[in-house]
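This report concerns only the one structure given below.
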Amino acid sequence: MDYYNLLTTCAFIHLLVSIPYAYSNYVENKAGQFFSSGHTNNWAVLVCTSRFWFNYRHVANTLSVYRSVKRLGIPDSHIVLMLADDMACNYRNPKPATVFSHKNMELNVYGDDVEVDYRGYEVTVENFLRVLTGRLPPSTPRSKRLLSDDRSNILIYLTGHGGNGFLKFQDSEEISNMELADAFEQMWQKRRYNELLFIIDTCQGASMYERFYSPNLMALASSQVGEDSLSHQPDLAIGVHLMDKYTFYLLEFLEEVHPASQANMNDLFKVCPQSQCVSTPGHRTDLFQRNPGSVLITDFFGSVRKVEITKDTINLTSSLKPLIQRSGSGDMQIESLTYVDQLPVAEIIHQLTPDQFLVCSRRWTEQSVRVSPSVYVQPCEKPPYVDSSPSHAPLCCGG
Amino acid sequence: MAALQLEKQRGRYAALAIAAVVIVVGIPLWWKTTETYRAWLPFSEISELDSLQLQLSVDIEVVFSRGTLTPEQQKKFPLSHVNEKEHQLHHKTEFSCGSVVVYVIPESSTLLPEDVKVYVGQRRTALLRSPPFKTSWNLKEVLSNLDVEVEQVVSTMSFGHQDIVAALSNRVRMTKVTKESMADSMRAIKSSPGYEITFSLLNPDPKSHSLHWDIEGAVQSYIQPLLNKLAPIANFSVDSQILYYAVLGVNPRFDNSVSAYTLSADSLSHVINPVEARLGSNAASSNPVLNFLLYVPDAHHSPLFIRDHSKRKVPSNAFHSPRWGGIMVYNVNEMYGPEAERPVDININMAKVMGVFLAQLRLMLGVQHTHPPTGFVLQSPGSAGLADWELDRLLWSRSVENIATASTTITSLAQLLDQIGNIVINDNIAQQVSSAVTSLQSAVAELEAGNLAFALQYSREAILASERAFFDPSLLHLLYFPDDQKFAIYIPLFLPMCVPIVLSLLKIVSEAKKRRADKQAKSD
């Protein structure tokens, strides 16, 4: 009896001692894992290449990936969003300033902080290749540039109409898979990426990554050569198909991912099997150096920063130079500057009566208010049955 | 009949004339006018750059102080090596950039404490306690004994093999990658012609704290000396901003044992992203930005401490992210009591804050932690924040990195232009490429000679020129049609014109053949 007691206490103590050791090992490993992926920042280039109202789903695709990527941490300054047409403020959109990704209008992927960098006719093959290779004219602002370095992981998402070996831009030009492969090679030559994940959701999408030959590329496509990628659901109120099947299930998968999640690429490959998607998604990992099972989703979709504790400081003892010495040329009159009011919000708010204000805000939240089809209503415009109030500028898109 | 014959003759001549004009005049004209302008590039020199051999030499001066060598050994010194100068050890001469001076003092000297072998000064000089000599040794043995020690000193003060390999990691695949060396290479920001440094003060609680920081004075006194010293490397632009109601994205946890709020090391990586969305940046330039944030916790979450991986308090209360910048948490709860009138006026102690930011800035810019061997003592960098030899280390690795990057850029550009035959090469691109090649060659020559300052300058010019040439907006291969599209353009233009000419030529040839056959038949 005593012997067994002794044995169990020994085992217990041993366990107690080894648990903190194992934990510190785990913590060390986790810290080590931070440096195993080799990247310090994340970029995303999200492109929708089709225009016209009936291609609503392509814009919704791109915006839902944009939303996931922002939610997982990549800031707007590191996202280049290219939308070939404006669906949210399209005059055929019955719900202006919104782009929905699910029928019954459950999820508005447009939101109120979308930053579109290239819009409308600016989305061309030339601009896309210029963004990738960095050969932009010097006057291009920072937000339109891909300022990646050799430690950046880049996510590139393309959607639109495609065929065997090409992708159609704006219904008037195409980019071929060879051009895309050459552009990636030029990026590699200049070390503009550490690793690159390429996702394409078009018909015959797998043909676009056939010709890649640069290292550290991983590619996913929604359908194989000879297959079409299908759209998911139409919405009867809006009148068009809202999303493509592959991106719909991709968005569903990404909604479960949070910044600290450990989901890896093998889970991503399983998204949308043929039973759900009708087309067969494909992927290509032969050019990628790491094992896909060890690549986290957040390595590309999120932006988990590597952090180090600052251990040393410098002892600064000299005092600040007094003010008189610093301002070199005597006293300068510095007048305080103010910004001009960009939006005369004060005037608008004053003009609205309290009732109107309430109706306005209510209308904004209750999307299921039925409106007669002959009236073109913008949110926050005065409803037709209220008469004689001073007219004011609508608060959102349109006009 | 004769008239018909004449007509036919005239027709034949007309067809031949037209064909002659098309072939002799038309084809060369078309060729010349559709040629793409390609200025001359020094392709042979560029291919030489591919197999570049770098030779780095450091000027080392070893000064034996009196009493180190026995008179016999002193006599044996070749005359050219002997320089009997009355050097004072606190000499303030400016030793040239990249050189190292080692003063060897006798073994029994009391200048250095017992266990200290080497004292490295601020300005490229070092004191080395000489290893034990036997008086019977001749000069060669003395020098060879000293070699090892001097090499150790020099590799600490200028560069070692690892540093150069790390700088070349762009071109040379690093085979043995230790975690530390990879962390080092990831932490330092890439060489760039300019940097932007932004200091931000985050005040989540303006109702309780009214913060005043003299950022202009602090930058002038503390940061500007360092930036002035680093001027040969890059241009720096400094700006600052204050953000109100900016919160960290992570909720700190209250720790009862210290009755303070703590942020664990694991949650730190999620702090940066929500804040970054609110930070502005100068839209005019594409230079990399280094952000330094000072966060003053709100009154309800004060004091806030950062814990490292082993749950210990971090003395600096700051952390940094490689290639991005640093964040420091500054607690102000001790500066006022609970009865103070809100908002409380608080003056931030800029010396303490800038001490942390300066240390982080050094790390970001690539001033590596030197791990000197045992027995070495390093003099603290002082007010400039950077010792001269630390600057030299940075300059060595920067020049090597610049040369490697510039030569990679030029060779890949040449390859691209070679492969795609119909890209227009403008004169300015050719000029940039030529100047990049000459700068590269000069930089390599200067490195070989050991002139670090000139080498860095040439390498900077080389990298600027090569980047400008590579990223020129006119070099887009898409704008030039592939061959099968060219075919499709020319056929509708030339085919309708060529068909009658070719057919008439054929007809002339066949008629001539028939006539000759008839003549033959007649003559037979």
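Numbering starts fresh at 1 for the residues of each chain in the structure tokens, the chains themselves are lettered A, B, ... in the order given, and ligands are numbered from 1 as they appear.
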
Mind running chain B against chain A at 6 Å and telling me each contacting residue's nearest atom pair with the distance in Å (one decimal), counting only C-alpha atoms, chain and number ascending, as JSON lines?
```
{"residue": "B:Ser221", "atom": "CA", "partner": "A:Leu320", "partner_atom": "CA", "distance": 5.8}
{"residue": "B:Ser269", "atom": "CA", "partner": "A:Arg305", "partner_atom": "CA", "distance": 5.0}
{"residue": "B:Asn273", "atom": "CA", "partner": "A:Gly73", "partner_atom": "CA", "distance": 5.6}
{"residue": "B:Ala277", "atom": "CA", "partner": "A:Pro75", "partner_atom": "CA", "distance": 5.4}
{"residue": "B:Ala283", "atom": "CA", "partner": "A:Arg142", "partner_atom": "CA", "distance": 5.3}
{"residue": "B:Ala318", "atom": "CA", "partner": "A:Thr310", "partner_atom": "CA", "distance": 5.6}
{"residue": "B:Phe319", "atom": "CA", "partner": "A:Ile309", "partner_atom": "CA", "distance": 4.3}
{"residue": "B:His320", "atom": "CA", "partner": "A:Glu308", "partner_atom": "CA", "distance": 5.4}
{"residue": "B:Ser321", "atom": "CA", "partner": "A:Val307", "partner_atom": "CA", "distance": 4.5}
{"residue": "B:Ala351", "atom": "CA", "partner": "A:Leu316", "partner_atom": "CA", "distance": 5.8}
{"residue": "B:Gly355", "atom": "CA", "partner": "A:Ile314", "partner_atom": "CA", "distance": 4.7}
{"residue": "B:Val356", "atom": "CA", "partner": "A:Thr313", "partner_atom": "CA", "distance": 4.9}
{"residue": "B:Ala359", "atom": "CA", "partner": "A:Thr313", "partner_atom": "CA", "distance": 5.3}
{"residue": "B:Phe471", "atom": "CA", "partner": "A:Arg135", "partner_atom": "CA", "distance": 4.7}
{"residue": "B:Asp472", "atom": "CA", "partner": "A:Arg135", "partner_atom": "CA", "distance": 5.8}
{"residue": "B:Pro473", "atom": "CA", "partner": "A:Arg135", "partner_atom": "CA", "distance": 4.7}
```

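Atom CA of Ala430 of chain B to atom CA of Ser442 of chain B spans 18.4 Å [interatomic distance, one decimal].
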
**OP:** Skip Arg398 of chain B itself and residues of its chain fewer than 3 positions away, then list as a list in words all residues within 10 Å of it, counting only C-alpha atoms.
**Re:**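 Once the nearby chain positions are removed, what remains is Ile164, Ala167, Leu168, Lys190, Ser191, Ser192, Ile233, Gly366, Asp392, Arg393, Leu394, Leu395, Glu401, Asn402, Ile403, Ala404, Leu456, Ser459 and Arg460 of chain B.
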
As an mmCIF file with C-alpha atoms, in the first residue's frame, please: all residues of segment 117-260 of chain A that backbone DSSP puts in strand (DSSP E or B).
```cif
data_model
loop_
_atom_site.group_PDB
_atom_site.id
_atom_site.type_symbol
_atom_site.label_atom_id
_atom_site.label_comp_id
_atom_site.auth_asym_id
_atom_site.auth_seq_id
_atom_site.Cartn_x
_atom_site.Cartn_y
_atom_site.Cartn_z
ATOM 1 C CA TYR A 118 -8.953 50.912 -58.903
ATOM 2 C CA ARG A 119 -12.506 51.345 -60.066
ATOM 3 C CA SER A 152 5.703 39.880 -47.829
ATOM 4 C CA ASN A 153 3.113 37.179 -48.308
ATOM 5 C CA ILE A 154 0.725 38.191 -51.025
ATOM 6 C CA LEU A 155 -2.793 36.927 -51.669
ATOM 7 C CA ILE A 156 -4.058 37.410 -55.215
ATOM 8 C CA TYR A 157 -7.706 36.779 -55.931
ATOM 9 C CA LEU A 158 -9.154 37.013 -59.431
ATOM 10 C CA THR A 159 -12.734 36.533 -60.465
ATOM 11 C CA GLY A 162 -12.524 33.131 -68.098
ATOM 12 C CA GLY A 163 -11.693 30.442 -70.567
ATOM 13 C CA PHE A 166 -7.272 33.457 -70.463
ATOM 14 C CA LEU A 167 -9.289 35.744 -68.233
ATOM 15 C CA LYS A 168 -11.542 38.408 -69.665
ATOM 16 C CA PHE A 169 -11.175 41.983 -68.465
ATOM 17 C CA GLU A 173 -9.495 42.476 -73.427
ATOM 18 C CA GLU A 174 -7.887 39.396 -71.997
ATOM 19 C CA ILE A 175 -4.940 38.380 -69.927
ATOM 20 C CA SER A 176 -3.356 35.086 -70.849
ATOM 21 C CA GLU A 195 5.186 33.526 -50.792
ATOM 22 C CA LEU A 196 2.199 34.031 -53.014
ATOM 23 C CA LEU A 197 -1.250 32.466 -52.868
ATOM 24 C CA PHE A 198 -3.228 32.720 -56.080
ATOM 25 C CA ILE A 199 -6.968 32.042 -56.021
ATOM 26 C CA ILE A 200 -9.102 32.243 -59.141
ATOM 27 C CA ASP A 201 -12.826 31.785 -59.401
ATOM 28 C CA LEU A 217 3.617 29.967 -55.542
ATOM 29 C CA MET A 218 0.512 28.161 -54.431
ATOM 30 C CA ALA A 219 -2.599 28.269 -56.579
ATOM 31 C CA LEU A 220 -6.251 27.370 -56.139
ATOM 32 C CA ALA A 221 -8.936 27.408 -58.791
ATOM 33 C CA SER A 231 -23.163 30.709 -59.564
ATOM 34 C CA PRO A 234 -30.289 34.234 -57.349
ATOM 35 C CA HIS A 241 -27.206 35.888 -58.915
ATOM 36 C CA ASP A 244 -20.430 32.123 -57.183
#
```

Original post:
Excluding same-chain residues fewer than 5 positions from Val63 of chain B, what lies within 9 Å of it counting only C-alpha atoms, as a list in words?
Top reply: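 My list of contacting residues is Asn83, Val101, Val102, Tyr103, Val104 and Ile105 of chain B.
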